[in-house]
$ cat input.cif   # mmCIF, C-alpha atoms and all ligand atoms; chains and numbers go by the auth columns
data_entry
loop_
_atom_site.group_PDB
_atom_site.id
_atom_site.type_symbol
_atom_site.label_atom_id
_atom_site.label_comp_id
_atom_site.label_asym_id
_atom_site.label_seq_id
_atom_site.Cartn_x
_atom_site.Cartn_y
_atom_site.Cartn_z
_atom_site.B_iso_or_equiv
_atom_site.auth_seq_id
_atom_site.auth_asym_id
ATOM 1 C CA MET A 1 66.286 119.599 33.693 0.00 1 A
ATOM 2 C CA GLN A 2 69.011 118.884 36.218 0.00 2 A
ATOM 3 C CA LEU A 3 72.029 116.696 35.601 0.00 3 A
ATOM 4 C CA SER A 4 71.855 115.220 39.088 0.00 4 A
ATOM 5 C CA LEU A 5 68.232 114.159 38.543 0.00 5 A
ATOM 6 C CA SER A 6 68.836 112.715 35.076 0.00 6 A
ATOM 7 C CA THR A 7 69.784 109.224 33.950 0.00 7 A
ATOM 8 C CA TRP A 8 72.580 108.669 31.437 0.00 8 A
ATOM 9 C CA GLN A 9 69.961 107.931 28.802 0.00 9 A
ATOM 10 C CA ASP A 10 68.295 111.293 29.558 0.00 10 A
ATOM 11 C CA VAL A 11 71.617 113.036 28.949 0.00 11 A
ATOM 12 C CA GLU A 12 72.259 111.045 25.780 0.00 12 A
ATOM 13 C CA SER A 13 68.863 112.168 24.436 0.00 13 A
ATOM 14 C CA TYR A 14 69.498 115.782 25.468 0.00 14 A
ATOM 15 C CA LEU A 15 72.813 115.784 23.586 0.00 15 A
ATOM 16 C CA GLU A 16 70.992 114.852 20.381 0.00 16 A
ATOM 17 C CA HIS A 17 69.368 118.283 20.329 0.00 17 A
ATOM 18 C CA SER A 18 71.653 120.460 22.489 0.00 18 A
ATOM 19 C CA THR A 19 75.293 120.482 23.520 0.00 19 A
ATOM 20 C CA GLY A 20 74.962 123.426 25.887 0.00 20 A
ATOM 21 C CA ILE A 21 74.784 123.343 29.685 0.00 21 A
ATOM 22 C CA ILE A 22 74.488 125.902 32.473 0.00 22 A
ATOM 23 C CA VAL A 23 76.712 125.317 35.501 0.00 23 A
ATOM 24 C CA PRO A 24 75.950 127.428 38.588 0.00 24 A
ATOM 25 C CA ILE A 25 79.132 128.489 40.394 0.00 25 A
ATOM 26 C CA GLY A 26 79.298 130.210 43.744 0.00 26 A
ATOM 27 C CA SER A 27 80.886 130.262 47.148 0.00 27 A
ATOM 28 C CA MET A 28 80.477 129.094 50.750 0.00 28 A
ATOM 29 C CA GLU A 29 81.117 132.178 52.839 0.00 29 A
ATOM 30 C CA GLN A 30 79.579 134.345 55.539 0.00 30 A
ATOM 31 C CA HIS A 31 76.983 136.858 54.386 0.00 31 A
ATOM 32 C CA GLY A 32 76.581 138.953 57.509 0.00 32 A
ATOM 33 C CA PRO A 33 74.275 138.292 60.468 0.00 33 A
ATOM 34 C CA THR A 34 71.117 137.814 58.357 0.00 34 A
ATOM 35 C CA GLY A 35 72.571 136.131 55.252 0.00 35 A
ATOM 36 C CA LEU A 36 73.108 132.415 54.729 0.00 36 A
ATOM 37 C CA ILE A 37 76.608 131.032 54.229 0.00 37 A
ATOM 38 C CA GLY A 38 75.524 129.414 50.973 0.00 38 A
ATOM 39 C CA THR A 39 74.084 132.644 49.532 0.00 39 A
ATOM 40 C CA ASP A 40 76.452 132.935 46.562 0.00 40 A
ATOM 41 C CA SER A 41 75.743 129.338 45.543 0.00 41 A
ATOM 42 C CA ILE A 42 72.022 129.358 46.327 0.00 42 A
ATOM 43 C CA CYS A 43 71.406 132.407 44.091 0.00 43 A
ATOM 44 C CA PRO A 44 72.829 131.057 40.796 0.00 44 A
ATOM 45 C CA GLU A 45 71.507 127.566 41.577 0.00 45 A
ATOM 46 C CA THR A 46 67.956 128.801 42.173 0.00 46 A
ATOM 47 C CA ILE A 47 67.988 130.983 39.058 0.00 47 A
ATOM 48 C CA ALA A 48 69.512 128.220 36.918 0.00 48 A
ATOM 49 C CA LYS A 49 66.916 125.712 38.116 0.00 49 A
ATOM 50 C CA ARG A 50 64.174 128.119 37.043 0.00 50 A
ATOM 51 C CA VAL A 51 65.788 128.422 33.593 0.00 51 A
ATOM 52 C CA GLY A 52 66.052 124.646 33.407 0.00 52 A
ATOM 53 C CA ASP A 53 62.412 124.127 34.398 0.00 53 A
ATOM 54 C CA ASP A 54 61.029 126.802 32.059 0.00 54 A
ATOM 55 C CA ASN A 55 63.245 126.183 29.028 0.00 55 A
ATOM 56 C CA GLY A 56 64.354 122.550 29.168 0.00 56 A
ATOM 57 C CA VAL A 57 68.017 123.559 29.504 0.00 57 A
ATOM 58 C CA LEU A 58 70.287 121.088 31.266 0.00 58 A
ATOM 59 C CA ILE A 59 71.631 122.456 34.576 0.00 59 A
ATOM 60 C CA GLY A 60 74.869 121.040 35.954 0.00 60 A
ATOM 61 C CA PRO A 61 75.762 120.555 39.598 0.00 61 A
ATOM 62 C CA THR A 62 76.554 123.689 41.565 0.00 62 A
ATOM 63 C CA PHE A 63 80.264 124.407 42.012 0.00 63 A
ATOM 64 C CA ASN A 64 79.581 125.629 45.511 0.00 64 A
ATOM 65 C CA VAL A 65 82.921 126.398 47.141 0.00 65 A
ATOM 66 C CA GLY A 66 84.907 129.160 45.465 0.00 66 A
ATOM 67 C CA CYS A 67 87.593 131.734 46.214 0.00 67 A
ATOM 68 C CA ALA A 68 86.681 133.258 49.569 0.00 68 A
ATOM 69 C CA GLN A 69 89.912 133.427 51.563 0.00 69 A
ATOM 70 C CA HIS A 70 88.993 136.897 52.808 0.00 70 A
ATOM 71 C CA HIS A 71 85.917 135.520 54.604 0.00 71 A
ATOM 72 C CA LEU A 72 87.789 132.871 56.620 0.00 72 A
ATOM 73 C CA GLY A 73 87.748 135.082 59.724 0.00 73 A
ATOM 74 C CA PHE A 74 84.072 134.111 60.124 0.00 74 A
ATOM 75 C CA PRO A 75 83.005 130.621 61.256 0.00 75 A
ATOM 76 C CA GLY A 76 81.712 128.386 58.487 0.00 76 A
ATOM 77 C CA SER A 77 83.363 130.126 55.550 0.00 77 A
ATOM 78 C CA MET A 78 85.282 127.817 53.208 0.00 78 A
ATOM 79 C CA THR A 79 87.650 128.531 50.341 0.00 79 A
ATOM 80 C CA LEU A 80 89.580 126.951 47.518 0.00 80 A
ATOM 81 C CA ARG A 81 92.983 128.307 46.566 0.00 81 A
ATOM 82 C CA PRO A 82 92.783 129.782 43.052 0.00 82 A
ATOM 83 C CA SER A 83 95.046 126.985 41.765 0.00 83 A
ATOM 84 C CA THR A 84 92.717 124.311 43.220 0.00 84 A
ATOM 85 C CA MET A 85 89.658 125.963 41.757 0.00 85 A
ATOM 86 C CA ILE A 86 91.252 126.238 38.323 0.00 86 A
ATOM 87 C CA ALA A 87 92.192 122.532 38.408 0.00 87 A
ATOM 88 C CA ALA A 88 88.688 121.501 39.518 0.00 88 A
ATOM 89 C CA MET A 89 86.960 123.660 36.914 0.00 89 A
ATOM 90 C CA CYS A 90 89.185 122.191 34.202 0.00 90 A
ATOM 91 C CA ASP A 91 88.276 118.648 35.303 0.00 91 A
ATOM 92 C CA TRP A 92 84.557 119.491 35.344 0.00 92 A
ATOM 93 C CA THR A 93 84.923 120.956 31.857 0.00 93 A
ATOM 94 C CA ALA A 94 86.921 118.006 30.508 0.00 94 A
ATOM 95 C CA SER A 95 84.318 115.579 31.888 0.00 95 A
ATOM 96 C CA LEU A 96 81.487 117.412 30.126 0.00 96 A
ATOM 97 C CA SER A 97 83.539 117.761 26.952 0.00 97 A
ATOM 98 C CA ARG A 98 84.124 114.009 26.821 0.00 98 A
ATOM 99 C CA HIS A 99 80.375 113.526 26.297 0.00 99 A
ATOM 100 C CA GLY A 100 80.102 116.166 23.603 0.00 100 A
ATOM 101 C CA PHE A 101 79.120 119.307 25.513 0.00 101 A
ATOM 102 C CA ASP A 102 80.787 122.210 23.763 0.00 102 A
ATOM 103 C CA LYS A 103 79.075 125.271 25.265 0.00 103 A
ATOM 104 C CA ILE A 104 79.444 125.715 28.997 0.00 104 A
ATOM 105 C CA TYR A 105 77.731 128.690 30.599 0.00 105 A
ATOM 106 C CA TRP A 106 79.025 129.330 34.110 0.00 106 A
ATOM 107 C CA LEU A 107 76.392 131.306 36.014 0.00 107 A
ATOM 108 C CA ASN A 108 78.341 132.959 38.794 0.00 108 A
ATOM 109 C CA GLY A 109 77.170 134.159 42.203 0.00 109 A
ATOM 110 C CA HIS A 110 80.390 135.519 43.728 0.00 110 A
ATOM 111 C CA GLY A 111 82.480 138.531 42.671 0.00 111 A
ATOM 112 C CA GLY A 112 85.568 136.991 44.286 0.00 112 A
ATOM 113 C CA ASN A 113 85.405 134.117 41.756 0.00 113 A
ATOM 114 C CA ILE A 114 85.658 136.260 38.624 0.00 114 A
ATOM 115 C CA ALA A 115 89.454 136.426 38.223 0.00 115 A
ATOM 116 C CA THR A 116 89.848 132.698 38.910 0.00 116 A
ATOM 117 C CA ILE A 117 87.036 131.639 36.564 0.00 117 A
ATOM 118 C CA ASN A 118 88.646 133.635 33.765 0.00 118 A
ATOM 119 C CA ALA A 119 92.024 132.078 34.626 0.00 119 A
ATOM 120 C CA ALA A 120 90.434 128.608 34.478 0.00 120 A
ATOM 121 C CA PHE A 121 89.122 129.336 30.975 0.00 121 A
ATOM 122 C CA VAL A 122 92.624 130.333 29.830 0.00 122 A
ATOM 123 C CA GLU A 123 94.124 127.253 31.510 0.00 123 A
ATOM 124 C CA TYR A 124 91.669 124.994 29.674 0.00 124 A
ATOM 125 C CA TYR A 125 92.183 126.657 26.316 0.00 125 A
ATOM 126 C CA ALA A 126 95.990 126.612 26.809 0.00 126 A
ATOM 127 C CA GLN A 127 95.932 122.861 27.413 0.00 127 A
ATOM 128 C CA ARG A 128 94.219 122.306 24.055 0.00 128 A
ATOM 129 C CA SER A 129 96.466 124.778 22.250 0.00 129 A
ATOM 130 C CA LEU A 130 99.619 123.123 23.573 0.00 130 A
ATOM 131 C CA GLU A 131 98.659 119.633 22.396 0.00 131 A
ATOM 132 C CA SER A 132 100.757 118.683 19.372 0.00 132 A
ATOM 133 C CA VAL A 133 98.103 116.257 18.153 0.00 133 A
ATOM 134 C CA PRO A 134 94.634 117.793 17.843 0.00 134 A
ATOM 135 C CA ALA A 135 92.434 116.635 20.705 0.00 135 A
ATOM 136 C CA LYS A 136 89.618 114.171 19.987 0.00 136 A
ATOM 137 C CA GLN A 137 87.201 116.116 22.169 0.00 137 A
ATOM 138 C CA PRO A 138 85.291 118.980 20.550 0.00 138 A
ATOM 139 C CA ALA A 139 86.479 122.523 21.014 0.00 139 A
ATOM 140 C CA ILE A 140 84.774 124.128 23.999 0.00 140 A
ATOM 141 C CA THR A 141 83.404 127.623 24.345 0.00 141 A
ATOM 142 C CA MET A 142 82.832 128.866 27.876 0.00 142 A
ATOM 143 C CA LYS A 143 81.112 131.947 29.158 0.00 143 A
ATOM 144 C CA LEU A 144 81.169 133.609 32.557 0.00 144 A
ATOM 145 C CA GLN A 145 78.000 135.459 33.504 0.00 145 A
ATOM 146 C CA ASN A 146 77.395 137.058 36.898 0.00 146 A
ATOM 147 C CA TRP A 147 73.692 136.676 37.726 0.00 147 A
ATOM 148 C CA TRP A 148 73.337 140.282 38.945 0.00 148 A
ATOM 149 C CA ASP A 149 75.020 141.790 35.884 0.00 149 A
ATOM 150 C CA PHE A 150 72.063 142.112 33.475 0.00 150 A
ATOM 151 C CA LYS A 151 70.592 145.585 32.962 0.00 151 A
ATOM 152 C CA THR A 152 67.091 144.373 33.829 0.00 152 A
ATOM 153 C CA VAL A 153 68.385 142.849 37.065 0.00 153 A
ATOM 154 C CA LEU A 154 70.419 145.925 38.017 0.00 154 A
ATOM 155 C CA ASP A 155 67.385 148.139 37.345 0.00 155 A
ATOM 156 C CA THR A 156 65.136 145.896 39.432 0.00 156 A
ATOM 157 C CA ALA A 157 67.604 145.846 42.339 0.00 157 A
ATOM 158 C CA LYS A 158 67.973 149.629 42.173 0.00 158 A
ATOM 159 C CA ARG A 159 64.208 150.126 42.264 0.00 159 A
ATOM 160 C CA MET A 160 63.791 147.735 45.188 0.00 160 A
ATOM 161 C CA HIS A 161 66.746 148.951 47.233 0.00 161 A
ATOM 162 C CA PRO A 162 67.733 152.473 46.106 0.00 162 A
ATOM 163 C CA VAL A 163 69.820 152.847 49.291 0.00 163 A
ATOM 164 C CA GLY A 164 71.862 150.142 51.015 0.00 164 A
ATOM 165 C CA GLU A 165 71.985 147.511 48.251 0.00 165 A
ATOM 166 C CA GLY A 166 75.700 147.288 49.060 0.00 166 A
ATOM 167 C CA MET A 167 78.646 145.227 47.844 0.00 167 A
ATOM 168 C CA HIS A 168 78.587 142.152 50.085 0.00 168 A
ATOM 169 C CA ALA A 169 75.583 140.524 51.732 0.00 169 A
ATOM 170 C CA THR A 170 73.537 142.689 49.384 0.00 170 A
ATOM 171 C CA ALA A 171 69.826 143.191 49.933 0.00 171 A
ATOM 172 C CA SER A 172 69.120 141.516 46.574 0.00 172 A
ATOM 173 C CA GLU A 173 71.149 138.352 47.063 0.00 173 A
ATOM 174 C CA VAL A 174 69.726 137.866 50.556 0.00 174 A
ATOM 175 C CA ALA A 175 66.218 138.362 49.118 0.00 175 A
ATOM 176 C CA VAL A 176 66.836 135.648 46.507 0.00 176 A
ATOM 177 C CA THR A 177 67.897 133.172 49.206 0.00 177 A
ATOM 178 C CA TYR A 178 64.835 134.036 51.323 0.00 178 A
ATOM 179 C CA ALA A 179 62.606 133.359 48.300 0.00 179 A
ATOM 180 C CA ALA A 180 64.395 130.028 47.771 0.00 180 A
ATOM 181 C CA TYR A 181 64.246 129.052 51.464 0.00 181 A
ATOM 182 C CA PRO A 182 61.411 130.974 53.159 0.00 182 A
ATOM 183 C CA ASP A 183 61.902 129.109 56.433 0.00 183 A
ATOM 184 C CA GLN A 184 65.409 130.607 56.709 0.00 184 A
ATOM 185 C CA VAL A 185 64.400 134.280 56.837 0.00 185 A
ATOM 186 C CA ARG A 186 66.321 136.037 59.628 0.00 186 A
ATOM 187 C CA ASP A 187 64.681 139.026 61.245 0.00 187 A
ATOM 188 C CA MET A 188 66.977 141.281 63.268 0.00 188 A
ATOM 189 C CA VAL A 189 68.138 144.864 63.644 0.00 189 A
ATOM 190 C CA LEU A 190 71.622 145.596 62.328 0.00 190 A
ATOM 191 C CA GLU A 191 73.919 148.281 63.677 0.00 191 A
ATOM 192 C CA PRO A 192 75.011 150.289 61.794 0.00 192 A
ATOM 193 C CA LYS A 193 72.013 149.993 59.484 0.00 193 A
ATOM 194 C CA ILE A 194 74.242 150.357 56.424 0.00 194 A
ATOM 195 C CA ALA A 195 77.617 148.641 56.732 0.00 195 A
ATOM 196 C CA PRO A 196 80.937 150.414 56.005 0.00 196 A
ATOM 197 C CA THR A 197 82.619 150.190 52.603 0.00 197 A
ATOM 198 C CA GLY A 198 86.286 149.902 51.635 0.00 198 A
ATOM 199 C CA SER A 199 88.959 147.554 50.338 0.00 199 A
ATOM 200 C CA PHE A 200 90.605 144.582 52.072 0.00 200 A
ATOM 201 C CA THR A 201 93.395 142.060 51.714 0.00 201 A
ATOM 202 C CA ASP A 202 93.283 138.901 53.837 0.00 202 A
ATOM 203 C CA ALA A 203 90.831 137.388 56.324 0.00 203 A
ATOM 204 C CA TYR A 204 92.332 139.258 59.310 0.00 204 A
ATOM 205 C CA ASP A 205 92.143 142.602 57.544 0.00 205 A
ATOM 206 C CA TYR A 206 88.571 141.918 56.389 0.00 206 A
ATOM 207 C CA ARG A 207 87.237 141.018 59.845 0.00 207 A
ATOM 208 C CA LYS A 208 88.870 144.125 61.361 0.00 208 A
ATOM 209 C CA LYS A 209 87.307 146.473 58.772 0.00 209 A
ATOM 210 C CA PHE A 210 83.909 144.766 58.424 0.00 210 A
ATOM 211 C CA PRO A 211 83.203 143.292 61.880 0.00 211 A
ATOM 212 C CA ASP A 212 79.758 141.823 61.129 0.00 212 A
ATOM 213 C CA GLY A 213 80.736 140.651 57.638 0.00 213 A
ATOM 214 C CA ARG A 214 78.682 143.013 55.476 0.00 214 A
ATOM 215 C CA ILE A 215 80.147 145.599 53.077 0.00 215 A
ATOM 216 C CA GLY A 216 78.045 148.661 52.303 0.00 216 A
ATOM 217 C CA SER A 217 74.717 146.884 52.614 0.00 217 A
ATOM 218 C CA ASP A 218 71.483 146.931 54.570 0.00 218 A
ATOM 219 C CA PRO A 219 70.188 143.391 53.957 0.00 219 A
ATOM 220 C CA THR A 220 67.299 143.874 56.413 0.00 220 A
ATOM 221 C CA GLN A 221 65.455 145.236 53.348 0.00 221 A
ATOM 222 C CA ALA A 222 65.405 141.737 51.837 0.00 222 A
ATOM 223 C CA THR A 223 61.949 140.215 51.441 0.00 223 A
ATOM 224 C CA ILE A 224 60.680 136.944 50.003 0.00 224 A
ATOM 225 C CA GLU A 225 58.524 138.865 47.486 0.00 225 A
ATOM 226 C CA ASN A 226 61.488 140.878 46.195 0.00 226 A
ATOM 227 C CA GLY A 227 63.502 137.696 45.945 0.00 227 A
ATOM 228 C CA GLN A 228 60.795 136.004 43.884 0.00 228 A
ATOM 229 C CA GLU A 229 60.696 138.921 41.463 0.00 229 A
ATOM 230 C CA LEU A 230 64.488 138.976 41.167 0.00 230 A
ATOM 231 C CA ILE A 231 64.533 135.246 40.395 0.00 231 A
ATOM 232 C CA THR A 232 61.924 135.702 37.641 0.00 232 A
ATOM 233 C CA VAL A 233 63.645 138.714 36.064 0.00 233 A
ATOM 234 C CA THR A 234 67.089 137.108 36.214 0.00 234 A
ATOM 235 C CA ALA A 235 65.910 133.745 34.880 0.00 235 A
ATOM 236 C CA GLN A 236 64.384 135.470 31.840 0.00 236 A
ATOM 237 C CA ALA A 237 67.649 137.334 31.192 0.00 237 A
ATOM 238 C CA VAL A 238 69.732 134.184 31.594 0.00 238 A
ATOM 239 C CA ALA A 239 67.446 132.181 29.291 0.00 239 A
ATOM 240 C CA SER A 240 67.821 134.676 26.411 0.00 240 A
ATOM 241 C CA ASP A 241 71.528 135.134 27.013 0.00 241 A
ATOM 242 C CA PHE A 242 72.107 131.360 27.058 0.00 242 A
ATOM 243 C CA GLU A 243 70.088 130.967 23.852 0.00 243 A
ATOM 244 C CA ALA A 244 72.257 133.599 22.139 0.00 244 A
ATOM 245 C CA PHE A 245 75.408 131.943 23.519 0.00 245 A
ATOM 246 C CA ILE A 246 74.629 128.482 22.183 0.00 246 A
ATOM 247 C CA ASN A 247 73.642 129.892 18.790 0.00 247 A
ATOM 248 C CA THR A 248 76.887 131.827 18.367 0.00 248 A
ATOM 249 C CA PRO A 249 79.549 129.802 16.529 0.00 249 A
HETATM 250 NI NI NI B . 77.404 137.213 47.969 0.00 301 A
#

$ encode --input "input.cif" --output "structure tokens"
Amino acid sequence: MQLSLSTWQDVESYLEHSTGIIVPIGSMEQHGPTGLIGTDSICPETIAKRVGDDNGVLIGPTFNVGCAQHHLGFPGSMTLRPSTMIAAMCDWTASLSRHGFDKIYWLNGHGGNIATINAAFVEYYAQRSLESVPAKQPAITMKLQNWWDFKTVLDTAKRMHPVGEGMHATASEVAVTYAAYPDQVRDMVLEPKIAPTGSFTDAYDYRKKFPDGRIGSDPTQATIENGQELITVTAQAVASDFEAFINTP
């Protein structure tokens, strides 16, 4: 069940039996020569939609531009400043809260978002704590979950790509996008086969150290079949984790 494909009456009925929602959150940034710019948003969105279809969970719109300043050296990459992202996340949360949602599960697709998502949670909680009159809206509990961070998903990725999974433009995330959009599979030889690894600061530094955009990965291993399996394994993990989340006071 997707929020964007629901009517207000659908949402009103949903709220009678559940006040939890999954919101995919990602990024719009280069993913190397064979990876799509929307990869970090497509992955959590595709997995969340599967959870929604299989379990009747409401899936919010995808927060699809995140913190990706370090990728701005590559055409097409977009970023929010952390302060902008925090403000937007708080407004999304307050909107959902107004209707009675009190459990928001942010399914994240981008490592560079983690610090800012956690900061947004603290910002939201601080606003409530600082109000001298108790707010009329219900208290909110939020959770950040990276889609790749379940043991079953890590094990599956390791089995599929024991070498060259990498840190950015990973074989697994590219596989998930190819499964979601089979007509977008890119077939090319990359040199070096496995990209360099290391740290970075800003967009200029990043482009100098990682000239084709990848970090530590060989995404040419990505296949549609592997992506389909990763989506299934991850959706099962997310469904149980979300169930536990909404049942925890
Ligand atoms: Ni990514």

$ atom_distance --input "input.cif" --atom1 "CA of Pro33 in chain A" --atom2 "CA of Ala175 in chain A"
13.9 Å

$ resolve_selection --input "input.cif" --expression "the PyMOL selection byres (((chain A and resi 97) around 12) and not hetatm)" --output "ChimeraX atom specification"
/A:15,19-21,90-96,98-104,124,128,135-142

$ residues_around --input "input.cif" --residues "range 234-240 of chain A" --least-positions-apart "2" --cutoff "6 Å" --atoms "only C-alpha atoms" --output "ChimeraX atom specification"
/A:47,51,153,230-232,242-243

$ residues_near_ligand --input "input.cif" --ligand "ligand NI 301 (chain A)" --cutoff "9 Å" --atoms "all atoms listed in the file" --output "list in words"
Gly26, Ser27, Glu29, Gln30, His31, Gly35, Ile37, Gly38, Thr39, Asp40, Ser41, Cys43, Gly109, His110, Gly111, Gly112, Met167, His168, Ala169, Thr170, Glu173 and Val174 of chain A

$ closest_residue --input "input.cif" --among "A:Ser6, A:Asn226, A:Ser132, A:Thr84" --to "Leu58 in chain A" --atoms "only C-alpha atoms"
A:Ser6

$ atom_distance --input "input.cif" --atom1 "CA of Gly73 in chain A" --atom2 "CA of Thr34 in chain A"
16.9 Å

$ atom_distance --input "input.cif" --atom1 "CA of Tyr14 in chain A" --atom2 "CA of Ala120 in chain A"
26.2 Å

$ resolve_selection --input "input.cif" --expression "the PyMOL selection byres (((chain A and resi 192-205) around 9) and not hetatm)" --output "PyMOL selection string"
chain A and resi 68-74+163-167+189-191+206-210+212-220

$ write_last_selection --input "input.cif" --atoms "C-alpha atoms" --output "compact mmCIF listing (two decimals), in the frame of the given file"
# COMPACT_ATOMS: atom_id res chain seq x y z
CA ALA A 68 86.68 133.26 49.57
CA GLN A 69 89.91 133.43 51.56
CA HIS A 70 88.99 136.90 52.81
CA HIS A 71 85.92 135.52 54.60
CA LEU A 72 87.79 132.87 56.62
CA GLY A 73 87.75 135.08 59.72
CA PHE A 74 84.07 134.11 60.12
CA VAL A 163 69.82 152.85 49.29
CA GLY A 164 71.86 150.14 51.02
CA GLU A 165 71.98 147.51 48.25
CA GLY A 166 75.70 147.29 49.06
CA MET A 167 78.65 145.23 47.84
CA VAL A 189 68.14 144.86 63.64
CA LEU A 190 71.62 145.60 62.33
CA GLU A 191 73.92 148.28 63.68
CA TYR A 206 88.57 141.92 56.39
CA ARG A 207 87.24 141.02 59.84
CA LYS A 208 88.87 144.12 61.36
CA LYS A 209 87.31 146.47 58.77
CA PHE A 210 83.91 144.77 58.42
CA ASP A 212 79.76 141.82 61.13
CA GLY A 213 80.74 140.65 57.64
CA ARG A 214 78.68 143.01 55.48
CA ILE A 215 80.15 145.60 53.08
CA GLY A 216 78.04 148.66 52.30
CA SER A 217 74.72 146.88 52.61
CA ASP A 218 71.48 146.93 54.57
CA PRO A 219 70.19 143.39 53.96
CA THR A 220 67.30 143.87 56.41

$ closest_residue --input "input.cif" --among "A:Asn146, A:Val57, A:Leu3, A:Phe63" --to "Ser18 in chain A" --atoms "only C-alpha atoms"
A:Val57

$ closest_residue --input "input.cif" --among "A:Asn113, A:Gln184, A:Ser83, A:Gln127" --to "Leu36 in chain A" --atoms "all atoms listed in the file"
A:Gln184

$ resolve_selection --input "input.cif" --expression "the PyMOL selection byres (((chain A and resi 23) around 8) and not hetatm)" --output "VMD selection string"
chain A and resid 21 to 22 24 to 25 48 59 to 63 104 to 107

$ closest_residue --input "input.cif" --among "A:Leu130, A:Leu154, A:Ala222, A:Val122" --to "Ala171 in chain A" --atoms "all atoms listed in the file"
A:Ala222

$ closest_residue --input "input.cif" --among "A:Asp241, A:Tyr178, A:Asp155, A:Ile224" --to "Ile42 in chain A" --atoms "all atoms listed in the file"
A:Tyr178

$ closest_residue --input "input.cif" --among "A:Leu80, A:Val133, A:Ala179, A:Met28" --to "Thr116 in chain A" --atoms "only C-alpha atoms"
A:Leu80

$ axis_aligned_box --input "input.cif" --around "range 36-50 of chain A" --padding-each-side "4 Å" --output "lines of an AutoDock Vina configuration file"
center_x = 70.4
center_y = 129.3
center_z = 45.8
size_x = 20.4
size_y = 15.2
size_z = 25.8
